[in-house]
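Below is query-v5.txt, which holds compact mmCIF, C-alpha atoms.
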# COMPACT_ATOMS: atom_id res chain seq x y z
CA MET E 1 70.16 -41.67 -126.56
CA GLY E 2 72.01 -44.36 -128.53
CA VAL E 3 70.18 -46.88 -130.72
CA SER E 4 71.34 -49.82 -128.59
CA ARG E 5 69.92 -48.20 -125.42
CA TRP E 6 66.60 -47.57 -127.16
CA ILE E 7 66.43 -51.22 -128.23
CA PHE E 8 67.16 -52.38 -124.67
CA LEU E 9 64.50 -50.07 -123.18
CA ILE E 10 61.82 -51.20 -125.65
CA TYR E 11 62.75 -54.86 -125.08
CA SER E 12 62.57 -54.39 -121.30
CA LEU E 13 59.15 -52.75 -121.45
CA LEU E 14 57.55 -55.18 -123.92
CA VAL E 15 59.21 -58.52 -123.25
CA ILE E 16 60.43 -58.68 -119.66
CA PRO E 17 57.41 -59.16 -117.34
CA PRO E 18 57.30 -56.44 -114.66
CA ASN E 19 57.68 -57.40 -111.02
CA PRO E 20 55.71 -54.63 -109.28
CA ILE E 21 56.82 -55.26 -105.73
CA GLY E 22 60.15 -56.93 -106.06
CA CYS E 23 59.91 -60.23 -104.20
CA LEU E 24 56.12 -60.80 -104.06
CA SER E 25 54.44 -62.78 -106.82
CA SER E 26 50.93 -62.06 -108.08
CA LYS E 27 49.73 -65.09 -106.13
CA GLU E 28 51.26 -63.74 -102.94
CA ILE E 29 49.62 -60.36 -103.57
CA SER E 30 46.21 -62.01 -103.95
CA GLU E 31 46.76 -63.83 -100.64
CA ILE E 32 47.41 -60.63 -98.67
CA PRO E 33 43.73 -59.97 -97.78
CA VAL E 34 43.15 -63.44 -96.29
CA SER E 35 46.50 -63.29 -94.49
CA PHE E 36 45.58 -59.91 -92.98
CA LEU E 37 42.12 -61.16 -92.00
CA ASN E 38 43.61 -64.18 -90.24
CA PHE E 39 46.00 -61.86 -88.40
CA ALA E 40 43.11 -59.62 -87.28
CA LYS E 41 41.15 -62.66 -86.07
CA LYS E 42 43.90 -63.73 -83.66
CA ALA E 43 42.46 -63.76 -80.16
CA GLU E 44 44.85 -61.14 -78.82
CA VAL E 45 44.24 -58.76 -81.74
CA PHE E 46 40.47 -59.27 -81.75
CA ASP E 47 40.17 -58.80 -77.98
CA TRP E 48 42.31 -55.67 -78.20
CA MET E 49 40.04 -54.13 -80.86
CA VAL E 50 36.91 -55.04 -78.92
CA GLY E 51 38.36 -53.42 -75.80
CA ILE E 52 39.12 -50.21 -77.69
CA ARG E 53 35.66 -50.09 -79.20
CA ARG E 54 34.00 -50.58 -75.81
CA LYS E 55 36.11 -47.91 -74.11
CA ILE E 56 35.11 -45.41 -76.78
CA HIS E 57 31.48 -46.52 -76.63
CA GLU E 58 31.35 -45.91 -72.87
CA ASN E 59 32.74 -42.40 -73.29
CA PRO E 60 31.06 -40.87 -76.37
CA GLU E 61 32.10 -37.34 -77.31
CA LEU E 62 30.45 -34.90 -79.72
CA GLY E 63 32.10 -33.22 -82.70
CA TYR E 64 35.31 -31.29 -81.92
CA GLU E 65 35.04 -32.52 -78.31
CA GLU E 66 36.68 -35.93 -78.91
CA PHE E 67 39.57 -35.22 -76.53
CA GLU E 68 39.52 -38.54 -74.65
CA THR E 69 38.93 -40.51 -77.85
CA SER E 70 41.84 -38.71 -79.48
CA LYS E 71 44.01 -39.38 -76.45
CA LEU E 72 43.21 -43.10 -76.63
CA VAL E 73 44.11 -43.15 -80.34
CA ARG E 74 47.44 -41.45 -79.66
CA GLU E 75 48.26 -43.82 -76.82
CA GLU E 76 47.66 -46.84 -79.04
CA LEU E 77 49.72 -45.36 -81.88
CA ASP E 78 52.54 -44.69 -79.41
CA LYS E 79 52.46 -48.33 -78.28
CA MET E 80 52.76 -49.44 -81.90
CA GLY E 81 55.60 -47.02 -82.62
CA ILE E 82 53.58 -45.17 -85.26
CA PRO E 83 54.36 -41.44 -85.64
CA TYR E 84 51.47 -38.98 -85.89
CA LYS E 85 50.44 -35.34 -85.99
CA TYR E 86 48.20 -33.81 -83.33
CA PRO E 87 46.11 -31.72 -83.01
CA VAL E 88 44.69 -31.54 -86.51
CA ALA E 89 41.31 -29.81 -86.96
CA VAL E 90 40.96 -29.42 -83.16
CA THR E 91 40.91 -33.07 -82.05
CA GLY E 92 41.98 -35.00 -85.15
CA VAL E 93 44.99 -37.32 -85.31
CA VAL E 94 46.93 -38.24 -88.46
CA GLY E 95 49.28 -41.24 -88.29
CA PHE E 96 51.85 -42.50 -90.79
CA VAL E 97 52.86 -46.10 -91.49
CA GLY E 98 55.52 -47.03 -94.03
CA SER E 99 58.50 -45.37 -95.63
CA GLY E 100 57.35 -41.78 -95.15
CA GLU E 101 57.87 -41.37 -98.89
CA PRO E 102 55.43 -41.39 -101.87
CA PRO E 103 53.16 -42.81 -102.96
CA PHE E 104 50.67 -41.92 -100.22
CA VAL E 105 47.27 -43.52 -99.65
CA ALA E 106 44.88 -42.57 -96.84
CA LEU E 107 42.45 -44.50 -94.62
CA ARG E 108 39.83 -42.55 -92.68
CA ALA E 109 37.76 -43.16 -89.53
CA ASP E 110 35.38 -40.67 -87.92
CA MET E 111 35.41 -40.36 -84.12
CA ASP E 112 32.39 -38.33 -82.97
CA ALA E 113 29.18 -39.46 -81.28
CA LEU E 114 25.58 -38.26 -81.44
CA ALA E 115 23.64 -36.08 -79.02
CA MET E 116 21.14 -38.72 -77.93
CA GLN E 117 20.47 -40.94 -74.93
CA GLU E 118 21.38 -44.61 -75.28
CA MET E 119 18.41 -46.84 -74.45
CA LEU E 120 20.13 -50.20 -74.96
CA GLU E 121 20.95 -51.83 -71.66
CA TRP E 122 24.31 -53.61 -71.65
CA GLU E 123 27.56 -53.70 -69.72
CA HIS E 124 29.27 -50.99 -71.79
CA LYS E 125 26.38 -48.56 -72.16
CA SER E 126 27.27 -44.87 -72.58
CA LYS E 127 28.33 -43.23 -69.33
CA ASN E 128 27.81 -39.72 -70.72
CA PRO E 129 24.15 -38.64 -70.42
CA GLY E 130 22.67 -37.45 -73.68
CA LYS E 131 25.53 -38.78 -75.80
CA MET E 132 25.79 -42.06 -77.69
CA HIS E 133 27.78 -43.80 -80.40
CA ALA E 134 24.67 -44.60 -82.42
CA CYS E 135 26.37 -44.51 -85.82
CA GLY E 136 29.25 -46.91 -85.22
CA HIS E 137 32.10 -44.40 -85.12
CA ASP E 138 33.51 -46.23 -82.10
CA ALA E 139 33.83 -49.31 -84.30
CA HIS E 140 35.33 -47.26 -87.12
CA VAL E 141 38.13 -46.06 -84.82
CA ALA E 142 38.78 -49.58 -83.53
CA MET E 143 38.93 -50.91 -87.11
CA LEU E 144 41.39 -48.24 -88.24
CA LEU E 145 43.62 -48.86 -85.22
CA GLY E 146 43.41 -52.55 -86.11
CA ALA E 147 44.49 -51.73 -89.65
CA ALA E 148 47.36 -49.67 -88.23
CA LYS E 149 48.53 -52.70 -86.23
CA ILE E 150 48.35 -54.95 -89.30
CA LEU E 151 50.24 -52.49 -91.48
CA GLN E 152 52.88 -51.82 -88.84
CA GLU E 153 53.46 -55.57 -88.45
CA HIS E 154 53.88 -55.87 -92.24
CA ARG E 155 55.63 -52.57 -92.90
CA LYS E 156 58.56 -54.30 -94.64
CA ILE E 157 56.38 -54.91 -97.69
CA LEU E 158 54.92 -51.40 -97.68
CA LYS E 159 56.09 -49.57 -100.80
CA GLY E 160 55.09 -46.06 -99.77
CA THR E 161 53.12 -44.55 -96.90
CA VAL E 162 49.66 -45.13 -95.46
CA VAL E 163 48.11 -42.03 -93.89
CA LEU E 164 45.79 -42.86 -90.97
CA VAL E 165 43.10 -40.16 -90.71
CA PHE E 166 41.24 -40.11 -87.39
CA GLN E 167 38.70 -37.40 -88.13
CA PRO E 168 36.51 -35.35 -85.76
CA ALA E 169 32.98 -34.05 -86.29
CA GLU E 170 31.46 -36.04 -89.14
CA GLU E 171 27.94 -35.66 -87.75
CA GLY E 172 27.14 -32.29 -89.29
CA GLY E 173 30.33 -30.51 -88.24
CA GLY E 174 32.18 -30.92 -91.52
CA GLY E 175 35.30 -32.29 -89.87
CA ALA E 176 36.55 -33.67 -93.18
CA LYS E 177 36.65 -30.17 -94.65
CA LYS E 178 38.73 -28.92 -91.74
CA MET E 179 41.12 -31.85 -92.18
CA ILE E 180 41.52 -30.93 -95.85
CA ASP E 181 42.13 -27.29 -94.96
CA ALA E 182 44.85 -28.51 -92.57
CA GLY E 183 46.64 -30.18 -95.50
CA VAL E 184 46.00 -33.78 -94.43
CA ILE E 185 45.56 -35.15 -97.96
CA GLU E 186 48.21 -33.14 -99.77
CA ASN E 187 50.12 -35.49 -102.12
CA VAL E 188 47.74 -38.37 -101.25
CA LYS E 189 46.74 -40.38 -104.32
CA ALA E 190 43.54 -41.95 -102.95
CA ILE E 191 41.49 -42.32 -99.76
CA PHE E 192 39.25 -45.12 -98.46
CA GLY E 193 36.54 -45.04 -95.79
CA LEU E 194 34.33 -47.66 -94.12
CA HIS E 195 30.95 -47.48 -92.42
CA VAL E 196 29.10 -50.14 -90.44
CA LYS E 197 25.71 -51.31 -91.75
CA PRO E 198 23.41 -52.94 -89.15
CA ASP E 199 21.16 -54.78 -91.63
CA LEU E 200 24.05 -56.36 -93.56
CA PRO E 201 25.32 -59.74 -92.23
CA VAL E 202 28.82 -60.00 -90.77
CA GLY E 203 31.21 -61.19 -93.46
CA GLU E 204 29.57 -59.18 -96.23
CA VAL E 205 30.58 -55.82 -97.69
CA GLU E 206 28.85 -53.61 -100.21
CA SER E 207 29.31 -50.46 -102.24
CA ARG E 208 28.93 -49.18 -105.80
CA PRO E 209 30.74 -47.02 -108.35
CA GLY E 210 29.52 -43.48 -108.92
CA PRO E 211 26.90 -41.77 -106.71
CA LEU E 212 26.54 -43.65 -103.41
CA LEU E 213 25.17 -41.15 -100.88
CA ALA E 214 23.29 -37.90 -101.38
CA GLY E 215 24.59 -34.42 -100.81
CA SER E 216 22.74 -32.60 -98.05
CA GLY E 217 22.00 -29.23 -96.57
CA PHE E 218 19.93 -27.82 -93.74
CA PHE E 219 17.70 -24.78 -93.44
CA GLU E 220 15.86 -22.86 -90.75
CA ALA E 221 13.30 -20.13 -91.37
CA VAL E 222 11.57 -17.65 -89.11
CA ILE E 223 8.15 -16.58 -90.39
CA SER E 224 6.93 -13.43 -88.67
CA GLY E 225 3.39 -12.10 -88.53
CA LYS E 226 1.39 -10.29 -85.87
CA GLY E 227 0.20 -12.07 -82.75
CA GLY E 228 -3.18 -11.71 -81.13
CA HIS E 229 -6.22 -13.42 -79.65
CA ALA E 230 -7.32 -16.57 -81.43
CA ALA E 231 -10.98 -15.42 -81.26
CA ILE E 232 -10.33 -12.30 -83.36
CA PRO E 233 -7.92 -13.46 -86.11
CA GLN E 234 -8.81 -10.46 -88.32
CA HIS E 235 -6.69 -8.30 -86.03
CA SER E 236 -3.67 -10.60 -86.41
CA ILE E 237 -1.40 -11.87 -89.17
CA ASP E 238 -1.22 -15.58 -88.54
CA PRO E 239 2.30 -17.04 -89.05
CA ILE E 240 1.07 -20.58 -88.37
CA VAL E 241 -1.18 -20.53 -91.43
CA ALA E 242 1.65 -19.00 -93.44
CA ALA E 243 4.12 -21.66 -92.26
CA SER E 244 1.63 -24.41 -93.11
CA ASN E 245 1.33 -23.11 -96.67
CA VAL E 246 5.10 -22.89 -96.90
CA ILE E 247 5.52 -26.53 -95.89
CA VAL E 248 2.99 -27.76 -98.45
CA SER E 249 4.60 -25.64 -101.19
CA LEU E 250 8.07 -26.96 -100.36
CA GLN E 251 6.90 -30.49 -101.19
CA HIS E 252 6.08 -29.35 -104.71
CA LEU E 253 9.78 -28.67 -105.34
CA VAL E 254 10.37 -32.41 -105.62
CA SER E 255 7.03 -33.59 -106.99
CA ARG E 256 6.52 -30.83 -109.59
CA GLU E 257 9.92 -29.27 -110.35
CA ALA E 258 12.52 -32.05 -110.08
CA ASP E 259 13.19 -34.65 -112.75
CA PRO E 260 11.59 -37.89 -111.44
CA LEU E 261 14.80 -39.72 -112.39
CA ASP E 262 16.90 -37.32 -110.29
CA SER E 263 16.20 -38.39 -106.71
CA GLN E 264 15.70 -35.46 -104.34
CA VAL E 265 14.22 -34.95 -100.87
CA VAL E 266 12.93 -31.91 -98.98
CA THR E 267 11.78 -32.64 -95.44
CA VAL E 268 10.57 -30.21 -92.78
CA GLY E 269 11.25 -31.80 -89.43
CA LYS E 270 10.97 -28.78 -87.16
CA PHE E 271 7.89 -26.62 -86.48
CA GLN E 272 7.89 -24.37 -83.42
CA GLY E 273 5.27 -21.70 -82.81
CA GLY E 274 2.98 -20.63 -80.03
CA GLY E 275 2.45 -21.96 -76.56
CA ALA E 276 -1.24 -21.46 -75.87
CA PHE E 277 -4.47 -22.78 -77.35
CA ASN E 278 -6.08 -19.37 -77.73
CA VAL E 279 -3.16 -17.17 -78.82
CA ILE E 280 -1.88 -16.52 -82.34
CA PRO E 281 1.92 -16.19 -81.99
CA ASP E 282 4.06 -13.43 -83.46
CA SER E 283 6.32 -15.88 -85.27
CA VAL E 284 6.92 -19.50 -86.21
CA THR E 285 10.22 -21.27 -86.77
CA ILE E 286 10.50 -24.17 -89.21
CA GLY E 287 13.53 -26.18 -90.20
CA GLY E 288 14.52 -29.16 -92.27
CA THR E 289 16.92 -30.83 -94.64
CA PHE E 290 17.26 -31.23 -98.40
CA ARG E 291 19.08 -33.95 -100.32
CA ALA E 292 20.17 -34.66 -103.90
CA PHE E 293 22.70 -36.78 -105.78
CA SER E 294 24.30 -33.94 -107.74
CA LYS E 295 25.73 -30.64 -106.61
CA GLU E 296 23.71 -28.84 -109.28
CA SER E 297 20.41 -30.27 -108.00
CA LEU E 298 21.43 -29.46 -104.43
CA MET E 299 22.11 -25.80 -105.28
CA GLN E 300 18.87 -25.57 -107.24
CA LEU E 301 16.94 -26.86 -104.23
CA ARG E 302 18.69 -24.34 -102.00
CA GLN E 303 17.69 -21.47 -104.23
CA ARG E 304 14.09 -22.59 -104.60
CA ILE E 305 13.65 -23.32 -100.85
CA GLU E 306 14.48 -19.71 -100.05
CA GLU E 307 12.28 -18.37 -102.85
CA VAL E 308 9.29 -20.49 -101.81
CA ILE E 309 9.57 -19.65 -98.10
CA VAL E 310 9.89 -15.91 -98.66
CA GLY E 311 7.27 -15.85 -101.42
CA GLN E 312 4.62 -17.96 -99.69
CA ALA E 313 5.07 -16.02 -96.45
CA ALA E 314 4.50 -12.79 -98.36
CA VAL E 315 1.26 -14.17 -99.83
CA GLN E 316 0.02 -14.54 -96.25
CA ARG E 317 1.23 -10.98 -95.36
CA CYS E 318 4.15 -12.34 -93.34
CA ASN E 319 7.88 -11.75 -93.51
CA ALA E 320 10.39 -14.59 -93.63
CA THR E 321 14.13 -14.95 -93.13
CA VAL E 322 15.97 -18.12 -94.18
CA ASN E 323 19.23 -19.39 -92.70
CA PHE E 324 21.05 -22.32 -94.32
CA LEU E 325 23.25 -22.84 -91.24
CA SER E 326 26.38 -23.10 -93.37
CA THR E 327 28.65 -22.41 -90.39
CA GLU E 328 27.20 -24.93 -87.93
CA LYS E 329 26.07 -27.50 -90.52
CA PRO E 330 28.01 -27.04 -93.79
CA PHE E 331 26.63 -28.45 -97.02
CA PHE E 332 27.80 -32.01 -97.68
CA PRO E 333 28.50 -32.78 -101.35
CA PRO E 334 27.24 -36.11 -102.76
CA THR E 335 29.45 -39.11 -102.00
CA VAL E 336 30.63 -40.31 -105.42
CA ASN E 337 32.87 -43.37 -105.61
CA ASN E 338 35.76 -43.37 -108.07
CA LYS E 339 35.23 -46.06 -110.73
CA ASP E 340 38.88 -47.18 -110.85
CA LEU E 341 38.90 -47.55 -107.06
CA HIS E 342 35.67 -49.55 -107.35
CA ASN E 343 37.52 -52.14 -109.44
CA HIS E 344 40.31 -52.13 -106.86
CA PHE E 345 37.76 -52.70 -104.07
CA LEU E 346 36.13 -55.59 -105.96
CA LYS E 347 39.46 -57.38 -106.39
CA VAL E 348 40.62 -56.91 -102.80
CA ALA E 349 37.27 -57.67 -101.16
CA SER E 350 36.66 -60.72 -103.35
CA ASP E 351 40.09 -62.10 -102.46
CA MET E 352 39.21 -61.62 -98.78
CA VAL E 353 35.59 -62.79 -98.41
CA GLY E 354 34.71 -64.30 -101.78
CA THR E 355 32.77 -62.77 -104.67
CA ALA E 356 29.41 -63.92 -103.25
CA ASN E 357 29.92 -61.73 -100.17
CA VAL E 358 30.73 -58.56 -102.10
CA LYS E 359 27.45 -56.83 -102.96
CA GLU E 360 26.56 -53.88 -105.17
CA MET E 361 24.15 -51.66 -103.27
CA GLN E 362 21.58 -49.08 -104.30
CA PRO E 363 22.31 -45.41 -103.59
CA LEU E 364 21.09 -44.06 -100.25
CA MET E 365 19.71 -40.61 -99.40
CA GLY E 366 21.92 -40.43 -96.31
CA SER E 367 24.98 -38.20 -96.48
CA GLU E 368 28.62 -38.38 -95.41
CA ASP E 369 31.29 -35.72 -95.11
CA PHE E 370 33.76 -38.23 -96.59
CA SER E 371 32.50 -36.60 -99.80
CA PHE E 372 34.68 -33.56 -99.09
CA PHE E 373 37.76 -35.75 -99.54
CA GLN E 374 36.34 -37.09 -102.81
CA GLU E 375 36.04 -33.57 -104.20
CA VAL E 376 39.82 -33.22 -103.89
CA ILE E 377 41.25 -36.71 -104.61
CA PRO E 378 39.89 -40.08 -105.77
CA GLY E 379 38.00 -41.70 -102.91
CA TYR E 380 36.00 -44.83 -102.18
CA PHE E 381 33.45 -45.48 -99.44
CA ILE E 382 32.35 -48.95 -98.34
CA PHE E 383 29.70 -50.44 -96.06
CA ILE E 384 30.56 -53.41 -93.86
CA GLY E 385 28.03 -55.78 -92.30
CA VAL E 386 27.60 -55.72 -88.52
CA LYS E 387 24.21 -57.40 -88.21
CA ASP E 388 23.58 -59.12 -84.90
CA GLU E 389 22.42 -62.64 -85.79
CA LYS E 390 20.19 -62.78 -82.70
CA ASN E 391 18.32 -59.64 -83.74
CA THR E 392 15.95 -60.23 -86.67
CA LYS E 393 15.00 -56.54 -86.77
CA PRO E 394 18.22 -54.61 -86.10
CA ALA E 395 17.91 -50.97 -85.12
CA SER E 396 19.11 -48.50 -87.72
CA VAL E 397 21.96 -46.08 -87.27
CA HIS E 398 20.98 -43.02 -85.19
CA SER E 399 18.62 -45.17 -83.13
CA PRO E 400 18.96 -45.19 -79.30
CA PHE E 401 18.84 -49.00 -79.60
CA PHE E 402 21.63 -49.22 -82.19
CA LYS E 403 23.89 -52.26 -81.72
CA ILE E 404 26.71 -53.86 -83.68
CA ASN E 405 28.16 -57.36 -83.88
CA GLU E 406 31.78 -56.96 -82.81
CA ASP E 407 32.75 -60.04 -84.85
CA ALA E 408 32.93 -57.62 -87.80
CA LEU E 409 35.91 -55.71 -86.38
CA PRO E 410 38.62 -58.00 -87.85
CA LEU E 411 37.09 -57.76 -91.32
CA GLY E 412 36.99 -53.97 -91.18
CA ALA E 413 40.59 -53.76 -90.01
CA ALA E 414 41.86 -56.24 -92.59
CA LEU E 415 39.90 -54.66 -95.43
CA HIS E 416 41.27 -51.22 -94.58
CA ALA E 417 44.84 -52.54 -94.50
CA SER E 418 44.47 -54.66 -97.64
CA LEU E 419 42.98 -51.83 -99.70
CA ALA E 420 45.87 -49.59 -98.72
CA ILE E 421 48.76 -52.00 -99.19
CA ARG E 422 47.47 -53.38 -102.49
CA PHE E 423 46.92 -49.84 -103.75
CA LEU E 424 50.54 -48.96 -102.94
CA LEU E 425 51.82 -52.13 -104.57
CA GLU E 426 49.84 -51.43 -107.73
CA SER E 427 50.96 -47.80 -107.71
CA ASN E 428 54.57 -48.95 -107.63
CA ALA E 429 53.84 -51.30 -110.53
CA GLU E 430 53.21 -48.27 -112.71
CA THR E 431 56.19 -46.59 -114.40
CA PRO E 432 55.21 -42.92 -114.65
CA LEU E 433 58.78 -41.71 -114.02
CA LEU E 434 60.18 -43.90 -116.77
CA ASN E 435 57.44 -42.80 -119.16
CA GLN E 436 58.07 -39.16 -118.27
CA LYS E 437 61.80 -39.61 -118.92
CA LEU E 438 61.13 -41.12 -122.33
CA ARG E 439 58.80 -38.24 -123.23
CA ASP E 440 61.33 -35.66 -122.06
CA GLU E 441 64.11 -37.22 -124.11
CA LEU E 442 61.94 -37.52 -127.21
Since I need it in another form, could you write the structure as structure tokens?
Amino acid sequence: MGVSRWIFLIYSLLVIPPNPIGCLSSKEISEIPVSFLNFAKKAEVFDWMVGIRRKIHENPELGYEEFETSKLVREELDKMGIPYKYPVAVTGVVGFVGSGEPPFVALRADMDALAMQEMLEWEHKSKNPGKMHACGHDAHVAMLLGAAKILQEHRKILKGTVVLVFQPAEEGGGGAKKMIDAGVIENVKAIFGLHVKPDLPVGEVESRPGPLLAGSGFFEAVISGKGGHAAIPQHSIDPIVAASNVIVSLQHLVSREADPLDSQVVTVGKFQGGGAFNVIPDSVTIGGTFRAFSKESLMQLRQRIEEVIVGQAAVQRCNATVNFLSTEKPFFPPTVNNKDLHNHFLKVASDMVGTANVKEMQPLMGSEDFSFFQEVIPGYFIFIGVKDEKNTKPASVHSPFFKINEDALPLGAALHASLAIRFLLESNAETPLLNQKLRDEL
């Protein structure tokens, strides 16, 4: 390379201010979130999102059974002229907005419902007995479709491609892992996800860098003894007594073995054994969940749960088998937010709703399979307020009385879209190819 060319390159890099997106100024970039929010609040857009959410709410479908939900998503993408792949991971849909070229950024919404009966009486109550959208996934889908509409309307300023991930089976089915195995996030630089929060007011959002949600696993154990008459226990080997000792000993894993500063939970929520007052059963089945904020702590709990169950059962002359249900309910890693993406979130969200409405939350012991994405690429998970102002004591997620304020839908859609488009604009502001060329030539 000639000396004059070197001088020009150095001058260009150090003196000439970069224009990351061509025709948009930094002021115009900062105005994107409010502009997108105003677009999402238009009556026709808002009513459209509400209608989608209510259709999905009326027809809840469990993990890997979201056929009608998936069909609705595809129909709406078709109307917007957005290409997609289907089926992905059984019922998943993956749409693409933008140039079809790098860089790629992903937005994710989960689609599945819960196996529970809705108790809330309203016009759009679940029509499927024993199934309910009690975790807000119907709203998540509506928000992501809203984001798709916003991005498609503004695709001329998209400098790259937004990948729309409509994911099945978050509620214990590990749908995110199947999406990854299907290659959904290959070449994707980052992924964002949203979740409704019923005790957070509409207009507020919250998250945090680092550990946000715990990793989780499930276990089930069968403790076998020898059944007999309750009046002559000496002729039996009582599995109920053995199971009771097991449960008490399991609590010591957190209180006596775990670092008090390393939050962990072991809960036994299932105990099945016997059916008569005067009969000692042959066996007892117990089951539960365990949680931790690091993969190491999670694996340590797994090991010790099995050791304690088998060992304590043996003390009581019983046998025990432990199943961690890894096929039906795969382990969820902790949800850990990327720190660079946290700064990105703060800037975008503050531009949209103001700094006072962007909160830093404490970690929660709940879990999310969004964490599977974060093990592969940088990811960021956010909570959005959907509190019903009329309800002073809103029902939590997974409650049969769960309810959301649909006024939050425009914010969720606009935040999704703004995070993605600003990420792409900032990615294009970087000059990795130029830097690589300089290194190669040196």
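Neighbours of stretch 373-377 of chain E closer than or equal to 7 Å, with all atoms listed in the file counted and sequence neighbours fewer than 2 positions away skipped, come out as Ala176, Lys189, Ala190, Phe370, Ser371 and Gly379 of chain E.
In terms of minimum interatomic distance to E:Thr91, E:Lys178 ranks closest within E:Lys27, E:His140, E:His133, E:Lys178, counting all atoms listed in the file.
Using only C-alpha atoms for every distance, the candidate list E:Ser350, E:Phe219, E:Leu37, E:Lys125 yields E:Leu37 as the residue closest to E:Met143.
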Exercise. Which neighbours of stretch 309-325 of chain E fall inside 9 Å, counting all atoms listed in the file, when residues of the same chain fewer than 4 positions from it are skipped, and could you give them as a PyMOL selection string?
Worked result: chain E and resi 217-226+237-239+241-243+245-247+249-250+302+304-305+329-331
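Picture a line from atom CA of E:Gly130 to atom CA of E:Asp110; it runs 19.4 Å.
Between E:Gly63 and the candidates E:Leu77, E:Leu114, E:Leu24, E:Leu151, the tightest atom-to-atom separation, counting all atoms listed in the file, involves E:Leu114.
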Problem set entry | Near-stretch 66-69 of chain E list (10 Å; all atoms listed in the file; drop same-chain fewer than 3 positions) as a list in words | Ile52, Lys55, Ile56, His57, Asn59, Pro60, Glu61, Leu62, Gly63, Leu72, Val73, Arg74, Glu75, Pro87, Val90, Thr91, Gly92, Met111, Asp112, Ala113, Asp138, Val141, Phe166, Gln167, Pro168 and Ala169 of chain E
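Atom CA of E:Gly203 to atom CA of E:Ala408 spans 6.9 Å [interatomic distance, one decimal].
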Given 6 Å of margin on each side, can you work out the centre and size in Å (one decimal) of an axis-aligned box holding every listed atom of stretch 67-81 of chain E, as lines of an AutoDock Vina configuration file?
center_x = 47.3
center_y = -42.3
center_z = -78.6
size_x = 28.7
size_y = 26.2
size_z = 20.0
For this session: Measure the distance from atom CA of E:Thr335 to atom CA of E:Tyr380 in Å and round it to one decimal.
Result: 8.7 Å
